[in-house]
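**Student:** Below you'll find the structure I mean.
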Amino acid sequence: MLSWVHVTLEAIDPTAIDRHLEDPASGGRVLFEGVVRDRHHDRQVLALEYEAYAEMAGEQLRAIAATMTARWPIRRVAIVHRIGRLLVGETAVVVGVASLHRAEAFEACRYGIDAVKRDVPIWKHEHYADGTSRWQENDC
Amino acid sequence: MLSWVHVTLEAIDPTAIDRHLEDPASGGRVLFEGVVRDRHHDRQVLALEYEAYAEMAGEQLRAIAATMTARWPIRRVAIVHRIGRLLVGETAVVVGVASLHRAEAFEACRYGIDAVKRDVPIWKHEHYADGTSRWQENDC
Amino acid sequence: MVVVRLFAQVRELAGTSAIQLELPDDARAADVASAIVERFPLVAPLMPSARIAINRAFADADTPIRVGDEVAVIPPVSGG
Amino acid sequence: MVVVRLFAQVRELAGTSAIQLELPDDARAADVASAIVERFPLVAPLMPSARIAINRAFADADTPIRVGDEVAVIPPVSGG
């Protein structure tokens, strides 16, 4: 299986990602990991919730992975996005690429996370220490 | 500690890398993992040995990490290179970067692995299934 | 008649996660946006930056909508 | 007199991982390369692509060498 994408309510398991990127012909892997930050501008973030249009999010992730494998000579793609409630420091998203050469792994991974942030229907609702909360928008 | 570099004879521990990249202010991490491939051109690789000029390799890795943190606004760097005998599929090198924004994490990580492959005195001796062996050179 | 799903801030301001819309036979994606604004004036400021999805793919303003299509309003996303 | 460390294919062809070289007082990095070739003709084909390191940093051809320096011949690397 060339690509593996997943929207999950559970903590992202790095060994599952590694397993899907495993390939004896690939010399390099590039991974992007998005982690919940402790602040947004000057406000302290306590936690956040990701809401998803899950069916479309899955389709969009599959389309992004398909574009990556079509556009670059890469051998494996794994994209996982967690939804639900996350705490500071927890991993929200991983985009992983395995390929023979590193140039295309970097380019494809960068494309992948940019596309996830632009085109996957997932929304982040941040809860701040001052009791307020806010729906975010990606700048991309 | 902003950066952590290490040349080791033991298997690379991903949780040690994660621990050194941990930072509540960083929203993204980019990792490059170099893995032993099963073939070099048309020859089947069974295993390989990395030899190092260990003292200088350590200094070069520190210099590369220092250049990365000076040139990009990143918050954490971890570079680990394994030496000794490795089997196909084992991880030889990891370059990890944590930062607020992903653009600089990708750029710094790419710079880091390129510099490792160009300037760190470590040499790969490949053993093939046909009984021959060969010292490799990076193309960079 | 189509069901339109609402998400995130649009869902909150509309107070519902799905509504049913009566649309003319020749309706297009842009008509969904107008119908939502008419029904939920509070949502109006969000609609210029929202996209319409039809059957789980982003639609253009003039993409036709057919009975049974899965329609959704997608405000600016913030995944990743 | 300086000790020169040899690695990888250079080490194998020279048959040793370190040699002692007598160098003139005004010796520079390029003189190390010449002295190695003189002592180990088998290594000659590798030297044009090798770099000289002095005290664990890459040296230019005209970097001076002083007594007690840590000198090394660095054939093309293949880490990563």
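Chain labels run A, B, ... following the order of the structure tokens; each chain numbers its residues from 1, and ligands are numbered from 1 in the order shown.
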Taking every C-alpha atom in sequence order, what RMSD do you get when chain A is least-squares fitted onto chain B?
**Tutor:**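 That comparison of chain B with chain A gives 0.0 Å.
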**Student:** Both chains have the same sequence, so match all Cα atoms in order, fit chain C onto chain D by least squares, and return it as a CSV table (one decimal) with N, CA, C and O atoms, in the first residue's frame.
**Tutor:**
chain,number,residue,atom,x,y,z
C,1,MET,N,57.3,17.4,14.1
C,1,MET,CA,56.7,16.2,13.7
C,1,MET,C,55.2,16.2,14.0
C,1,MET,O,54.8,16.6,15.1
C,2,VAL,N,54.3,15.7,13.1
C,2,VAL,CA,52.9,15.6,13.4
C,2,VAL,C,52.4,14.2,13.1
C,2,VAL,O,53.0,13.5,12.4
C,3,VAL,N,51.3,13.9,13.8
C,3,VAL,CA,50.7,12.6,13.6
C,3,VAL,C,49.5,12.9,12.6
C,3,VAL,O,48.8,13.8,12.8
C,4,VAL,N,49.4,12.0,11.6
C,4,VAL,CA,48.3,12.2,10.6
C,4,VAL,C,47.4,11.0,10.7
C,4,VAL,O,47.9,9.8,10.6
C,5,ARG,N,46.2,11.2,10.9
C,5,ARG,CA,45.2,10.1,11.0
C,5,ARG,C,44.6,9.8,9.7
C,5,ARG,O,44.3,10.7,8.9
C,6,LEU,N,44.4,8.5,9.4
C,6,LEU,CA,43.9,8.1,8.0
C,6,LEU,C,42.6,7.4,8.3
C,6,LEU,O,42.5,6.6,9.2
C,7,PHE,N,41.7,7.5,7.3
C,7,PHE,CA,40.3,6.9,7.5
C,7,PHE,C,39.9,6.2,6.2
C,7,PHE,O,40.3,6.6,5.1
C,8,ALA,N,39.0,5.3,6.5
C,8,ALA,CA,38.2,4.6,5.4
C,8,ALA,C,39.1,4.0,4.3
C,8,ALA,O,40.1,3.3,4.6
C,9,GLN,N,38.9,4.4,3.0
C,9,GLN,CA,39.7,3.7,2.0
C,9,GLN,C,41.1,4.1,2.0
C,9,GLN,O,42.0,3.3,1.7
C,10,VAL,N,41.4,5.4,2.5
C,10,VAL,CA,42.8,5.8,2.6
C,10,VAL,C,43.5,4.9,3.6
C,10,VAL,O,44.6,4.5,3.4
C,11,ARG,N,42.8,4.8,4.7
C,11,ARG,CA,43.4,3.9,5.8
C,11,ARG,C,43.6,2.5,5.3
C,11,ARG,O,44.7,1.9,5.6
C,12,GLU,N,42.7,1.9,4.6
C,12,GLU,CA,42.8,0.6,4.1
C,12,GLU,C,44.0,0.4,3.1
C,12,GLU,O,44.8,-0.5,3.2
C,13,LEU,N,44.1,1.4,2.2
C,13,LEU,CA,45.2,1.3,1.2
C,13,LEU,C,46.5,1.6,1.8
C,13,LEU,O,47.5,1.0,1.4
C,14,ALA,N,46.6,2.5,2.8
C,14,ALA,CA,47.8,2.7,3.5
C,14,ALA,C,48.2,1.6,4.4
C,14,ALA,O,49.4,1.5,4.8
C,15,GLY,N,47.2,0.9,4.8
C,15,GLY,CA,47.5,-0.2,5.8
C,15,GLY,C,47.7,0.2,7.2
C,15,GLY,O,48.2,-0.5,8.0
C,16,THR,N,47.3,1.4,7.5
C,16,THR,CA,47.5,2.0,8.9
C,16,THR,C,46.6,3.1,9.1
C,16,THR,O,46.1,3.8,8.2
C,17,SER,N,46.2,3.3,10.4
C,17,SER,CA,45.3,4.4,10.7
C,17,SER,C,45.9,5.7,11.2
C,17,SER,O,45.3,6.6,11.4
C,18,ALA,N,47.2,5.6,11.3
C,18,ALA,CA,47.9,6.9,11.7
C,18,ALA,C,49.4,6.7,11.3
C,18,ALA,O,50.0,5.7,11.4
C,19,ILE,N,50.0,7.8,10.9
C,19,ILE,CA,51.4,7.8,10.6
C,19,ILE,C,52.0,9.1,11.2
C,19,ILE,O,51.3,10.1,11.4
C,20,GLN,N,53.4,9.0,11.4
C,20,GLN,CA,54.1,10.2,11.8
C,20,GLN,C,54.8,10.8,10.7
C,20,GLN,O,55.4,10.1,9.9
C,21,LEU,N,54.7,12.1,10.5
C,21,LEU,CA,55.4,12.8,9.4
C,21,LEU,C,56.3,13.8,9.9
C,21,LEU,O,56.0,14.6,10.9
C,22,GLU,N,57.6,13.9,9.3
C,22,GLU,CA,58.5,15.0,9.6
C,22,GLU,C,58.1,16.0,8.6
C,22,GLU,O,58.2,15.8,7.4
C,23,LEU,N,57.8,17.2,9.1
C,23,LEU,CA,57.5,18.3,8.1
C,23,LEU,C,58.3,19.5,8.4
C,23,LEU,O,58.7,19.7,9.6
C,24,PRO,N,58.7,20.3,7.4
C,24,PRO,CA,59.4,21.5,7.7
C,24,PRO,C,58.6,22.5,8.6
C,24,PRO,O,57.4,22.3,8.7
C,25,ASP,N,59.3,23.5,9.2
C,25,ASP,CA,58.6,24.4,10.1
C,25,ASP,C,57.5,25.2,9.4
C,25,ASP,O,56.5,25.5,10.1
C,26,ASP,N,57.7,25.5,8.1
C,26,ASP,CA,56.7,26.3,7.4
C,26,ASP,C,55.7,25.4,6.6
C,26,ASP,O,55.1,25.9,5.7
C,27,ALA,N,55.5,24.2,7.1
C,27,ALA,CA,54.6,23.3,6.3
C,27,ALA,C,53.2,23.7,6.3
C,27,ALA,O,52.7,24.4,7.3
C,28,ARG,N,52.5,23.4,5.2
C,28,ARG,CA,51.1,23.7,5.1
C,28,ARG,C,50.3,22.5,4.8
C,28,ARG,O,50.9,21.4,4.5
C,29,ALA,N,49.0,22.6,4.8
C,29,ALA,CA,48.1,21.4,4.6
C,29,ALA,C,48.5,20.6,3.3
C,29,ALA,O,48.5,19.4,3.3
C,30,ALA,N,48.8,21.4,2.2
C,30,ALA,CA,49.1,20.7,1.0
C,30,ALA,C,50.3,19.8,1.1
C,30,ALA,O,50.4,18.8,0.4
C,31,ASP,N,51.2,20.2,2.0
C,31,ASP,CA,52.4,19.4,2.1
C,31,ASP,C,52.1,18.0,2.7
C,31,ASP,O,52.8,17.0,2.5
C,32,VAL,N,51.1,18.0,3.6
C,32,VAL,CA,50.7,16.7,4.1
C,32,VAL,C,50.2,15.8,3.0
C,32,VAL,O,50.6,14.6,3.0
C,33,ALA,N,49.4,16.3,2.1
C,33,ALA,CA,48.9,15.5,1.0
C,33,ALA,C,50.0,14.9,0.2
C,33,ALA,O,50.1,13.7,-0.1
C,34,SER,N,51.0,15.8,-0.1
C,34,SER,CA,52.2,15.3,-0.9
C,34,SER,C,53.0,14.2,-0.2
C,34,SER,O,53.4,13.2,-0.8
C,35,ALA,N,53.1,14.4,1.1
C,35,ALA,CA,53.9,13.5,1.9
C,35,ALA,C,53.2,12.1,2.0
C,35,ALA,O,53.9,11.1,1.9
C,36,ILE,N,51.9,12.2,2.0
C,36,ILE,CA,51.1,10.9,2.1
C,36,ILE,C,51.3,10.1,0.8
C,36,ILE,O,51.5,8.9,0.7
C,37,VAL,N,51.2,10.9,-0.3
C,37,VAL,CA,51.3,10.2,-1.7
C,37,VAL,C,52.7,9.6,-1.8
C,37,VAL,O,52.8,8.5,-2.4
C,38,GLU,N,53.7,10.3,-1.4
C,38,GLU,CA,55.1,9.8,-1.5
C,38,GLU,C,55.2,8.6,-0.7
C,38,GLU,O,55.8,7.6,-1.2
C,39,ARG,N,54.7,8.5,0.5
C,39,ARG,CA,54.8,7.4,1.4
C,39,ARG,C,54.0,6.2,1.0
C,39,ARG,O,54.4,5.1,1.1
C,40,PHE,N,52.8,6.5,0.4
C,40,PHE,CA,51.8,5.5,0.1
C,40,PHE,C,51.3,5.7,-1.4
C,40,PHE,O,50.2,6.2,-1.6
C,41,PRO,N,52.1,5.3,-2.4
C,41,PRO,CA,51.7,5.5,-3.8
C,41,PRO,C,50.3,5.0,-4.1
C,41,PRO,O,49.6,5.6,-4.9
C,42,LEU,N,49.9,3.9,-3.5
C,42,LEU,CA,48.6,3.4,-3.7
C,42,LEU,C,47.5,4.4,-3.4
C,42,LEU,O,46.4,4.3,-4.0
C,43,VAL,N,47.7,5.3,-2.5
C,43,VAL,CA,46.7,6.2,-2.1
C,43,VAL,C,46.6,7.4,-3.1
C,43,VAL,O,45.6,8.1,-3.0
C,44,ALA,N,47.6,7.5,-3.9
C,44,ALA,CA,47.6,8.7,-4.8
C,44,ALA,C,46.3,9.0,-5.5
C,44,ALA,O,45.8,10.2,-5.6
C,45,PRO,N,45.6,8.0,-6.1
C,45,PRO,CA,44.4,8.3,-6.8
C,45,PRO,C,43.3,8.9,-6.0
C,45,PRO,O,42.4,9.6,-6.5
C,46,LEU,N,43.4,8.7,-4.7
C,46,LEU,CA,42.3,9.2,-3.8
C,46,LEU,C,42.6,10.6,-3.3
C,46,LEU,O,41.7,11.3,-2.8
C,47,MET,N,43.8,11.0,-3.3
C,47,MET,CA,44.2,12.3,-2.7
C,47,MET,C,43.5,13.5,-3.4
C,47,MET,O,43.2,14.5,-2.6
C,48,PRO,N,43.4,13.6,-4.7
C,48,PRO,CA,42.8,14.8,-5.3
C,48,PRO,C,41.4,15.1,-4.7
C,48,PRO,O,41.0,16.2,-4.6
C,49,SER,N,40.6,14.0,-4.3
C,49,SER,CA,39.3,14.3,-3.8
C,49,SER,C,39.3,14.3,-2.2
C,49,SER,O,38.2,14.5,-1.6
C,50,ALA,N,40.4,14.1,-1.6
C,50,ALA,CA,40.4,14.1,-0.1
C,50,ALA,C,40.6,15.5,0.4
C,50,ALA,O,41.2,16.4,-0.3
C,51,ARG,N,40.2,15.8,1.6
C,51,ARG,CA,40.4,17.1,2.3
C,51,ARG,C,41.3,16.8,3.4
C,51,ARG,O,41.4,15.7,4.0
C,52,ILE,N,42.1,17.9,3.8
C,52,ILE,CA,42.9,17.8,5.0
C,52,ILE,C,42.2,18.5,6.2
C,52,ILE,O,41.7,19.6,6.0
C,53,ALA,N,42.2,17.9,7.3
C,53,ALA,CA,41.6,18.5,8.5
C,53,ALA,C,42.7,18.8,9.5
C,53,ALA,O,43.7,18.0,9.7
C,54,ILE,N,42.7,20.0,10.1
C,54,ILE,CA,43.7,20.3,11.1
C,54,ILE,C,42.9,20.7,12.3
C,54,ILE,O,42.0,21.5,12.3
C,55,ASN,N,43.2,20.0,13.4
C,55,ASN,CA,42.5,20.3,14.7
C,55,ASN,C,41.0,20.2,14.5
C,55,ASN,O,40.2,21.0,15.0
C,56,ARG,N,40.6,19.1,13.8
C,56,ARG,CA,39.1,18.8,13.6
C,56,ARG,C,38.3,19.8,12.8
C,56,ARG,O,37.1,19.8,13.0
C,57,ALA,N,39.0,20.6,12.0
C,57,ALA,CA,38.3,21.5,11.1
C,57,ALA,C,39.0,21.4,9.7
C,57,ALA,O,40.2,21.1,9.6
C,58,PHE,N,38.2,21.5,8.6
C,58,PHE,CA,38.7,21.4,7.3
C,58,PHE,C,39.7,22.5,7.1
C,58,PHE,O,39.4,23.7,7.4
C,59,ALA,N,40.8,22.2,6.5
C,59,ALA,CA,41.9,23.2,6.2
C,59,ALA,C,41.9,23.6,4.7
C,59,ALA,O,41.5,22.8,3.9
C,60,ASP,N,42.4,24.7,4.4
C,60,ASP,CA,42.7,25.1,3.0
C,60,ASP,C,44.1,24.6,2.7
C,60,ASP,O,44.9,24.2,3.6
C,61,ALA,N,44.5,24.5,1.4
C,61,ALA,CA,45.8,24.0,1.0
C,61,ALA,C,46.9,24.8,1.7
C,61,ALA,O,47.9,24.2,2.0
C,62,ASP,N,46.7,26.1,1.9
C,62,ASP,CA,47.8,26.9,2.5
C,62,ASP,C,47.7,27.1,4.0
C,62,ASP,O,48.4,27.9,4.5
C,63,THR,N,46.8,26.4,4.7
C,63,THR,CA,46.7,26.5,6.1
C,63,THR,C,48.0,26.0,6.8
C,63,THR,O,48.4,24.8,6.5
C,64,PRO,N,48.7,26.8,7.6
C,64,PRO,CA,50.0,26.3,8.2
C,64,PRO,C,49.7,25.2,9.2
C,64,PRO,O,48.7,25.1,9.9
C,65,ILE,N,50.7,24.3,9.3
C,65,ILE,CA,50.6,23.2,10.3
C,65,ILE,C,51.7,23.5,11.4
C,65,ILE,O,52.8,23.8,11.1
C,66,ARG,N,51.2,23.3,12.6
C,66,ARG,CA,52.2,23.6,13.8
C,66,ARG,C,52.4,22.3,14.5
C,66,ARG,O,51.5,21.4,14.5
C,67,VAL,N,53.5,22.2,15.2
C,67,VAL,CA,53.8,21.0,16.0
C,67,VAL,C,52.7,20.8,17.0
C,67,VAL,O,52.2,21.7,17.6
C,68,GLY,N,52.2,19.6,17.1
C,68,GLY,CA,51.1,19.2,18.1
C,68,GLY,C,49.8,19.3,17.5
C,68,GLY,O,48.8,18.9,18.1
C,69,ASP,N,49.6,19.8,16.2
C,69,ASP,CA,48.3,19.8,15.6
C,69,ASP,C,47.8,18.4,15.4
C,69,ASP,O,48.6,17.5,15.1
C,70,GLU,N,46.5,18.3,15.4
C,70,GLU,CA,45.8,17.0,15.1
C,70,GLU,C,45.5,17.1,13.6
C,70,GLU,O,44.6,17.9,13.2
C,71,VAL,N,46.2,16.3,12.8
C,71,VAL,CA,46.0,16.3,11.3
C,71,VAL,C,45.3,15.1,10.9
C,71,VAL,O,45.6,14.0,11.4
C,72,ALA,N,44.5,15.2,9.8
C,72,ALA,CA,43.8,14.0,9.3
C,72,ALA,C,43.5,14.1,7.8
C,72,ALA,O,43.3,15.2,7.3
C,73,VAL,N,43.5,13.0,7.2
C,73,VAL,CA,43.2,13.0,5.7
C,73,VAL,C,41.7,12.5,5.7
C,73,VAL,O,41.4,11.4,6.2
C,74,ILE,N,40.9,13.3,5.0
C,74,ILE,CA,39.4,13.0,5.0
C,74,ILE,C,39.0,12.7,3.6
C,74,ILE,O,38.8,13.6,2.8
C,75,PRO,N,39.0,11.4,3.2
C,75,PRO,CA,38.5,11.1,1.8
C,75,PRO,C,37.0,11.5,1.7
C,75,PRO,O,36.4,11.8,2.8
C,76,PRO,N,36.4,11.5,0.5
C,76,PRO,CA,35.0,11.9,0.4
C,76,PRO,C,34.1,11.1,1.4
C,76,PRO,O,34.2,9.9,1.5
C,77,VAL,N,33.3,11.9,2.1
C,77,VAL,CA,32.5,11.3,3.2
C,77,VAL,C,31.3,10.6,2.6
C,77,VAL,O,30.8,10.9,1.5
C,78,SER,N,30.7,9.7,3.4
C,78,SER,CA,29.4,9.0,2.9
C,78,SER,C,28.5,8.8,4.1
C,78,SER,O,27.9,7.7,4.2
C,79,GLY,N,28.5,9.7,5.0
C,79,GLY,CA,27.5,9.5,6.2
C,79,GLY,C,26.1,9.9,5.7
C,79,GLY,O,25.9,10.3,4.6
C,80,GLY,N,25.2,9.8,6.6
C,80,GLY,CA,23.8,10.2,6.3
C,80,GLY,C,23.0,9.0,5.9
C,80,GLY,O,23.5,8.0,5.6
**Student:** Work out how far apart CA of Gly58 (chain B) and CA of Asp114 (chain B) are and give it in Å to one decimal.
**Tutor:**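 Atom-to-atom, CA of Gly58 (chain B) to CA of Asp114 (chain B), that is 16.1 Å.
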**Student:** Which chain A residues are at most 9 Å from chain B (counting only C-alpha atoms), as a ChimeraX atom specification?
**Tutor:** /A:22-39,88-89,100,102-103,106,110
**Student:** What are the closest atom pairs, with distances in Å to one decimal, for all residues of chain A lying within 8 Å of chain C? Consider only C-alpha atoms, order rows by chain and residue number, and present the result as a tab-separated table.
**Tutor:**
residue	atom	partner	partner_atom	distance
A:Gly34	CA	C:Gly80	CA	6.0
A:Tyr50	CA	C:Gly79	CA	7.4
A:Glu51	CA	C:Ala8	CA	6.8
A:Ala52	CA	C:Phe7	CA	7.8
A:Tyr53	CA	C:Phe7	CA	7.3
A:Glu55	CA	C:Arg56	CA	7.2
A:Met56	CA	C:Arg56	CA	4.6
A:Glu59	CA	C:Arg56	CA	7.1
A:Gln60	CA	C:Ala57	CA	7.7
A:His81	CA	C:Gly80	CA	7.3
A:Ala92	CA	C:Gly80	CA	6.4
A:Val93	CA	C:Gly80	CA	5.5
A:Ile113	CA	C:Gly80	CA	7.1
A:Val116	CA	C:Gly80	CA	6.4
A:Lys117	CA	C:Gly80	CA	5.3
A:Arg118	CA	C:Val77	CA	6.7
A:Asp119	CA	C:Val77	CA	7.2
A:Val120	CA	C:Val77	CA	6.9
A:Pro121	CA	C:Val77	CA	5.7
A:Ile122	CA	C:Gly79	CA	4.8
A:Trp123	CA	C:Ser78	CA	4.7
A:Lys124	CA	C:Ser78	CA	5.4
A:Trp135	CA	C:Gln9	CA	6.6
A:Gln136	CA	C:Ser78	CA	5.8
A:Glu137	CA	C:Ser78	CA	4.7
A:Asn138	CA	C:Ser78	CA	4.8
**Student:** Could the residues in this selection be written to a file with N, CA, C and O atoms, as a CSV table (one decimal), in the first residue's frame?
**Tutor:**
chain,number,residue,atom,x,y,z
A,34,GLY,N,2.8,18.2,13.6
A,34,GLY,CA,2.2,19.4,14.1
A,34,GLY,C,1.8,19.2,15.6
A,34,GLY,O,1.1,18.2,15.8
A,50,TYR,N,-10.5,19.8,17.9
A,50,TYR,CA,-10.6,19.8,16.5
A,50,TYR,C,-11.9,19.2,16.1
A,50,TYR,O,-12.3,18.1,16.6
A,51,GLU,N,-12.7,19.9,15.3
A,51,GLU,CA,-13.9,19.4,14.7
A,51,GLU,C,-13.6,19.1,13.3
A,51,GLU,O,-12.8,19.8,12.6
A,52,ALA,N,-14.2,18.0,12.7
A,52,ALA,CA,-14.0,17.6,11.4
A,52,ALA,C,-15.3,17.3,10.6
A,52,ALA,O,-16.3,16.9,11.2
A,53,TYR,N,-15.3,17.6,9.4
A,53,TYR,CA,-16.3,17.0,8.4
A,53,TYR,C,-15.6,15.7,8.0
A,53,TYR,O,-14.9,15.7,7.0
A,55,GLU,N,-16.0,12.7,6.8
A,55,GLU,CA,-16.1,11.9,5.5
A,55,GLU,C,-15.3,12.7,4.5
A,55,GLU,O,-14.5,12.1,3.7
A,56,MET,N,-15.5,14.0,4.4
A,56,MET,CA,-14.8,14.8,3.4
A,56,MET,C,-13.3,14.9,3.8
A,56,MET,O,-12.4,14.9,2.9
A,59,GLU,N,-11.6,12.0,2.4
A,59,GLU,CA,-11.4,12.0,1.0
A,59,GLU,C,-10.3,13.0,0.6
A,59,GLU,O,-9.6,12.8,-0.3
A,60,GLN,N,-10.3,14.2,1.3
A,60,GLN,CA,-9.3,15.2,0.9
A,60,GLN,C,-7.9,14.6,1.2
A,60,GLN,O,-7.0,14.8,0.5
A,81,HIS,N,-4.4,12.7,11.0
A,81,HIS,CA,-4.9,13.9,11.7
A,81,HIS,C,-5.7,13.4,12.8
A,81,HIS,O,-6.7,12.7,12.7
A,92,ALA,N,-1.1,16.8,16.7
A,92,ALA,CA,-2.3,16.9,16.0
A,92,ALA,C,-2.3,16.3,14.6
A,92,ALA,O,-3.3,15.7,14.1
A,93,VAL,N,-1.1,16.3,14.0
A,93,VAL,CA,-1.0,15.8,12.6
A,93,VAL,C,0.4,15.3,12.3
A,93,VAL,O,1.3,15.9,12.9
A,113,ILE,N,1.7,18.9,3.9
A,113,ILE,CA,1.2,19.6,5.1
A,113,ILE,C,0.6,21.0,4.7
A,113,ILE,O,-0.4,21.4,5.3
A,116,VAL,N,-2.9,20.0,3.6
A,116,VAL,CA,-3.7,19.6,4.7
A,116,VAL,C,-4.2,20.9,5.4
A,116,VAL,O,-5.4,21.0,5.7
A,117,LYS,N,-3.3,21.9,5.6
A,117,LYS,CA,-3.8,23.1,6.2
A,117,LYS,C,-4.7,24.0,5.4
A,117,LYS,O,-5.4,24.9,5.9
A,118,ARG,N,-4.7,23.8,4.1
A,118,ARG,CA,-5.5,24.6,3.2
A,118,ARG,C,-6.8,24.0,2.9
A,118,ARG,O,-7.8,24.6,2.7
A,119,ASP,N,-6.8,22.6,2.7
A,119,ASP,CA,-8.0,22.0,2.0
A,119,ASP,C,-8.7,20.9,2.8
A,119,ASP,O,-9.6,20.2,2.2
A,120,VAL,N,-8.3,20.6,4.0
A,120,VAL,CA,-8.9,19.5,4.7
A,120,VAL,C,-9.9,20.1,5.7
A,120,VAL,O,-9.5,21.0,6.5
A,121,PRO,N,-11.2,19.7,5.6
A,121,PRO,CA,-12.2,20.4,6.5
A,121,PRO,C,-12.1,19.9,7.9
A,121,PRO,O,-12.8,19.0,8.4
A,122,ILE,N,-11.1,20.5,8.6
A,122,ILE,CA,-10.9,20.3,10.0
A,122,ILE,C,-10.7,21.7,10.7
A,122,ILE,O,-10.1,22.6,10.1
A,123,TRP,N,-11.4,21.9,11.8
A,123,TRP,CA,-11.4,23.2,12.4
A,123,TRP,C,-10.9,23.1,13.9
A,123,TRP,O,-11.3,22.2,14.6
A,124,LYS,N,-10.1,24.1,14.3
A,124,LYS,CA,-9.5,24.1,15.6
A,124,LYS,C,-10.2,25.2,16.5
A,124,LYS,O,-10.2,26.4,16.1
A,135,TRP,N,-12.5,30.1,17.4
A,135,TRP,CA,-12.2,29.3,16.2
A,135,TRP,C,-11.0,29.9,15.4
A,135,TRP,O,-11.1,31.1,15.1
A,136,GLN,N,-10.1,29.1,15.1
A,136,GLN,CA,-8.9,29.6,14.4
A,136,GLN,C,-9.1,29.5,12.9
A,136,GLN,O,-9.9,28.7,12.4
A,137,GLU,N,-8.3,30.2,12.2
A,137,GLU,CA,-8.2,30.1,10.7
A,137,GLU,C,-6.7,30.0,10.3
A,137,GLU,O,-5.9,30.7,10.8
A,138,ASN,N,-6.4,29.0,9.5
A,138,ASN,CA,-5.0,28.9,9.0
A,138,ASN,C,-4.6,30.1,8.1
A,138,ASN,O,-5.4,30.5,7.2
**Student:** Please return, as a list in words, all residues of region 17-79 of chain C that DSSP assigns to helix (DSSP H, G or I) on the basis of the backbone.
**Tutor:**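 Taking region 17-79 of chain C and keeping helix (DSSP H, G or I) gives Ala29, Ala30, Asp31, Val32, Ala33, Ser34, Ala35, Ile36, Val37, Glu38, Arg39, Pro41, Leu42, Val43, Ala44, Pro45, Leu46, Met47, Pro48 and Ser49 of chain C.
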**Student:** Go ahead and write the residues just picked, N, CA, C and O atoms, as a compact mmCIF listing (two decimals), in the first residue's frame.
**Tutor:**
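To be explicit, this is the file written out as selection-v6.txt:
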# COMPACT_ATOMS: atom_id res chain seq x y z
N ALA C 29 -24.02 26.13 -6.61
CA ALA C 29 -23.41 26.24 -5.28
C ALA C 29 -23.63 27.62 -4.68
O ALA C 29 -23.90 27.74 -3.48
N ALA C 30 -23.53 28.67 -5.51
CA ALA C 30 -23.68 30.03 -4.98
C ALA C 30 -25.06 30.26 -4.37
O ALA C 30 -25.21 31.06 -3.44
N ASP C 31 -26.06 29.54 -4.89
CA ASP C 31 -27.41 29.69 -4.34
C ASP C 31 -27.50 29.14 -2.92
O ASP C 31 -28.31 29.61 -2.12
N VAL C 32 -26.71 28.15 -2.61
CA VAL C 32 -26.69 27.62 -1.25
C VAL C 32 -26.19 28.70 -0.30
O VAL C 32 -26.79 28.95 0.76
N ALA C 33 -25.10 29.36 -0.70
CA ALA C 33 -24.55 30.42 0.15
C ALA C 33 -25.59 31.50 0.41
O ALA C 33 -25.78 31.93 1.55
N SER C 34 -26.31 31.93 -0.64
CA SER C 34 -27.32 32.98 -0.46
C SER C 34 -28.45 32.50 0.45
O SER C 34 -28.93 33.26 1.31
N ALA C 35 -28.85 31.26 0.28
CA ALA C 35 -29.96 30.73 1.09
C ALA C 35 -29.57 30.65 2.56
O ALA C 35 -30.39 30.90 3.45
N ILE C 36 -28.32 30.31 2.81
CA ILE C 36 -27.83 30.23 4.20
C ILE C 36 -27.85 31.63 4.84
O ILE C 36 -28.31 31.81 5.98
N VAL C 37 -27.39 32.61 4.10
CA VAL C 37 -27.35 34.00 4.62
C VAL C 37 -28.76 34.49 4.92
O VAL C 37 -29.01 35.13 5.95
N GLU C 38 -29.68 34.16 4.03
CA GLU C 38 -31.08 34.58 4.21
C GLU C 38 -31.66 33.96 5.48
O GLU C 38 -32.33 34.63 6.27
N ARG C 39 -31.38 32.68 5.67
CA ARG C 39 -31.94 31.95 6.81
C ARG C 39 -31.25 32.32 8.12
O ARG C 39 -31.89 32.36 9.17
N PRO C 41 -28.97 35.29 9.27
CA PRO C 41 -28.25 36.56 9.03
C PRO C 41 -26.95 36.68 9.83
O PRO C 41 -25.99 37.29 9.36
N LEU C 42 -26.90 36.05 11.01
CA LEU C 42 -25.67 36.11 11.82
C LEU C 42 -24.47 35.50 11.11
O LEU C 42 -23.32 35.83 11.40
N VAL C 43 -24.73 34.59 10.20
CA VAL C 43 -23.67 33.87 9.51
C VAL C 43 -23.10 34.69 8.35
O VAL C 43 -22.00 34.42 7.85
N ALA C 44 -23.84 35.73 7.95
CA ALA C 44 -23.46 36.50 6.75
C ALA C 44 -21.99 36.92 6.71
O ALA C 44 -21.33 36.74 5.68
N PRO C 45 -21.43 37.45 7.82
CA PRO C 45 -20.03 37.89 7.73
C PRO C 45 -19.05 36.75 7.42
O PRO C 45 -17.94 37.00 6.95
N LEU C 46 -19.43 35.52 7.71
CA LEU C 46 -18.52 34.39 7.48
C LEU C 46 -18.58 33.85 6.06
O LEU C 46 -17.66 33.18 5.60
N MET C 47 -19.69 34.11 5.37
CA MET C 47 -19.88 33.44 4.09
C MET C 47 -18.89 33.84 2.98
O MET C 47 -18.52 32.99 2.18
N PRO C 48 -18.46 35.11 2.93
CA PRO C 48 -17.51 35.44 1.85
C PRO C 48 -16.24 34.60 1.88
O PRO C 48 -15.64 34.34 0.85
N SER C 49 -15.82 34.15 3.08
CA SER C 49 -14.59 33.35 3.14
C SER C 49 -14.88 31.84 3.19
O SER C 49 -13.95 31.04 3.23
**Student:** Residues of chain B classed as strand (DSSP E or B) by DSSP on the backbone are to be reported as a ChimeraX atom specification.
**Tutor:** /B:3-8,28-35,39-40,43-52,74-82,84-87,91-99,122-128,133-135
